[in-house]
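work.cif follows; it contains mmCIF, C-alpha atoms.
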```cif
data_coords
#
loop_
_atom_site.group_PDB
_atom_site.id
_atom_site.type_symbol
_atom_site.label_atom_id
_atom_site.label_comp_id
_atom_site.auth_asym_id
_atom_site.auth_seq_id
_atom_site.Cartn_x
_atom_site.Cartn_y
_atom_site.Cartn_z
ATOM 1 C CA MET W 275 174.595 -24.049 100.976
ATOM 2 C CA PRO W 276 172.873 -21.318 99.011
ATOM 3 C CA PRO W 277 169.778 -22.543 97.134
ATOM 4 C CA GLU W 278 171.476 -22.372 93.730
ATOM 5 C CA THR W 279 174.159 -24.837 94.878
ATOM 6 C CA SER W 280 172.074 -27.029 97.181
ATOM 7 C CA HIS W 281 172.133 -29.857 94.622
ATOM 8 C CA LEU W 282 175.929 -30.026 94.496
ATOM 9 C CA ILE W 283 177.884 -32.774 96.197
ATOM 10 C CA PRO W 284 180.279 -31.480 98.869
ATOM 11 C CA LEU W 285 183.661 -32.399 97.420
ATOM 12 C CA ALA W 286 185.120 -33.015 100.888
ATOM 13 C CA ARG W 287 182.547 -35.774 101.345
ATOM 14 C CA VAL W 288 183.664 -37.565 98.217
ATOM 15 C CA GLY W 289 187.128 -38.475 99.429
ATOM 16 C CA TRP W 290 188.170 -39.408 95.876
ATOM 17 C CA ALA W 291 187.985 -43.153 96.284
ATOM 18 C CA PRO W 292 190.089 -45.232 93.892
ATOM 19 C CA GLY W 293 188.583 -45.204 90.436
ATOM 20 C CA LEU W 294 186.422 -42.160 91.080
ATOM 21 C CA HIS W 295 188.624 -39.862 88.991
ATOM 22 C CA ALA W 296 188.323 -42.239 86.036
ATOM 23 C CA ALA W 297 184.556 -42.547 86.471
ATOM 24 C CA ALA W 298 184.159 -38.768 86.722
ATOM 25 C CA ASP W 299 186.318 -38.299 83.617
ATOM 26 C CA GLN W 300 184.190 -40.795 81.680
ATOM 27 C CA HIS W 301 180.994 -39.025 82.747
ATOM 28 C CA ALA W 302 182.479 -35.641 81.812
ATOM 29 C CA SER W 303 183.451 -36.964 78.396
ATOM 30 C CA ALA W 304 179.953 -38.358 77.839
ATOM 31 C CA VAL W 305 178.307 -35.076 78.866
ATOM 32 C CA ARG W 306 180.679 -33.094 76.638
ATOM 33 C CA ASP W 307 179.856 -35.411 73.705
ATOM 34 C CA ILE W 308 176.107 -34.993 74.306
ATOM 35 C CA LEU W 309 176.373 -31.213 74.374
ATOM 36 C CA VAL W 310 178.660 -30.921 71.347
ATOM 37 C CA ALA W 311 176.472 -33.332 69.332
ATOM 38 C CA SER W 312 173.561 -31.014 70.147
ATOM 39 C CA GLY W 313 175.518 -28.006 68.854
ATOM 40 C CA LEU W 314 176.092 -26.583 72.331
ATOM 41 C CA GLU W 315 179.258 -25.323 73.981
ATOM 42 C CA PRO W 316 180.070 -26.857 77.379
ATOM 43 C CA ASP W 317 180.134 -23.464 79.123
ATOM 44 C CA ARG W 318 178.880 -22.704 82.641
ATOM 45 C CA ASP W 319 175.341 -21.824 81.549
ATOM 46 C CA THR W 320 174.912 -24.871 79.341
ATOM 47 C CA LEU W 321 176.402 -27.206 81.939
ATOM 48 C CA SER W 322 174.155 -25.699 84.632
ATOM 49 C CA GLU W 323 171.112 -26.198 82.411
ATOM 50 C CA TYR W 324 172.190 -29.778 81.726
ATOM 51 C CA LEU W 325 172.586 -30.408 85.460
ATOM 52 C CA ASP W 326 169.170 -28.883 86.218
ATOM 53 C CA GLY W 327 167.561 -31.136 83.603
ATOM 54 C CA PHE W 328 169.452 -34.149 84.877
ATOM 55 C CA LEU W 329 168.329 -33.445 88.444
ATOM 56 C CA SER W 330 164.728 -33.020 87.300
ATOM 57 C CA GLY W 331 164.933 -36.421 85.651
ATOM 58 C CA CYS W 332 166.387 -37.906 88.831
ATOM 59 C CA ALA W 333 163.564 -36.410 90.901
ATOM 60 C CA GLU W 334 160.950 -37.806 88.506
ATOM 61 C CA THR W 335 162.316 -41.312 89.039
ATOM 62 C CA GLY W 336 162.458 -40.878 92.823
ATOM 63 C CA TRP W 337 166.252 -40.986 92.990
ATOM 64 C CA THR W 338 167.858 -39.360 96.031
ATOM 65 C CA LEU W 339 171.489 -38.810 96.952
ATOM 66 C CA GLY W 340 172.535 -41.569 99.308
ATOM 67 C CA PRO W 341 175.773 -42.477 101.054
ATOM 68 C CA GLN W 342 177.166 -44.280 97.979
ATOM 69 C CA LEU W 343 178.329 -42.502 94.846
ATOM 70 C CA ASP W 344 176.169 -44.364 92.356
ATOM 71 C CA TRP W 345 175.932 -43.610 88.615
ATOM 72 C CA HIS W 346 173.686 -40.588 89.184
ATOM 73 C CA ALA W 347 175.936 -39.117 91.871
ATOM 74 C CA GLN W 348 179.007 -39.698 89.714
ATOM 75 C CA ARG W 349 177.339 -37.866 86.810
ATOM 76 C CA MET W 350 176.418 -34.968 89.115
ATOM 77 C CA LEU W 351 179.971 -34.828 90.447
ATOM 78 C CA ALA W 352 181.444 -34.848 86.941
ATOM 79 C CA VAL W 353 179.225 -31.986 85.783
ATOM 80 C CA GLN W 354 179.971 -30.055 88.966
ATOM 81 C CA ARG W 355 183.703 -30.445 88.288
ATOM 82 C CA MET W 356 183.175 -29.337 84.680
ATOM 83 C CA ILE W 357 181.334 -26.202 85.833
ATOM 84 C CA GLU W 358 184.075 -25.382 88.334
ATOM 85 C CA ALA W 359 186.752 -25.829 85.641
ATOM 86 C CA VAL W 360 185.204 -23.261 83.278
ATOM 87 C CA PRO W 361 186.614 -19.782 83.944
ATOM 88 C CA PRO W 362 183.908 -17.238 84.838
ATOM 89 C CA VAL W 363 183.047 -14.787 82.087
#
```
Could you rewrite the structure in this file as structure tokens?
Amino acid sequence: MPPETSHLIPLARVGWAPGLHAAADQHASAVRDILVASGLEPDRDTLSEYLDGFLSGCAETGWTLGPQLDWHAQRMLAVQRMIEAVPPV
């Protein structure tokens, strides 16, 4: 993957296990609420900045992407889906 997308989860790997859509939707809703409460629009740039900050926080705690889609991976996946859903400007 190019460096700017190296942090993204390959969607083919996910397999969309039962319940994953609901979890991703809940994460997306939470992220949207955080951004809107901060006076920000959930556009590509803002979502990318959020994801960069989230990943920095993950790195600081020593978290790494493993074989299971834990809370962190689900949040990353949700934000990735949000970014992909926003039409390019």
Which residues, protein or nucleic acid, reach to within 10 Å of (184.1, -22.0, 83.1) in the file's coordinates when using all atoms listed in the file, and can you give that as a VMD selection string?
chain W and resid 316 to 319 321 355 to 363
Computed gap from atom CA of Ala352 of chain W to atom CA of His301 of chain W is 5.9 Å
If you apply the PyMOL selection byres ((chain W and resi 350) around 10) to this file, what residues do you get, as a compact mmCIF listing (two decimals) with C-alpha atoms, keeping the file's coordinate frame?
```txt
# COMPACT_ATOMS: atom_id res chain seq x y z
CA HIS W 281 172.13 -29.86 94.62
CA LEU W 282 175.93 -30.03 94.50
CA ILE W 283 177.88 -32.77 96.20
CA ALA W 298 184.16 -38.77 86.72
CA HIS W 301 180.99 -39.02 82.75
CA ALA W 302 182.48 -35.64 81.81
CA TYR W 324 172.19 -29.78 81.73
CA LEU W 325 172.59 -30.41 85.46
CA ASP W 326 169.17 -28.88 86.22
CA PHE W 328 169.45 -34.15 84.88
CA LEU W 329 168.33 -33.44 88.44
CA LEU W 343 178.33 -42.50 94.85
CA ASP W 344 176.17 -44.36 92.36
CA TRP W 345 175.93 -43.61 88.62
CA HIS W 346 173.69 -40.59 89.18
CA ALA W 347 175.94 -39.12 91.87
CA GLN W 348 179.01 -39.70 89.71
CA ARG W 349 177.34 -37.87 86.81
CA LEU W 351 179.97 -34.83 90.45
CA ALA W 352 181.44 -34.85 86.94
CA VAL W 353 179.22 -31.99 85.78
CA GLN W 354 179.97 -30.06 88.97
CA ARG W 355 183.70 -30.44 88.29
CA MET W 356 183.18 -29.34 84.68
```
Item checked: Atomic distance atom CA of Ala311 of chain W - atom CA of Ala333 of chain W, expressed in Å with one decimal ->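 The value is 25.3 Å.
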- Gap from atom CA of Ala304 of chain W to atom CA of Ser322 of chain W - Å, one decimal: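 Atom CA of Ser322 of chain W lies 15.5 Å from atom CA of Ala304 of chain W.
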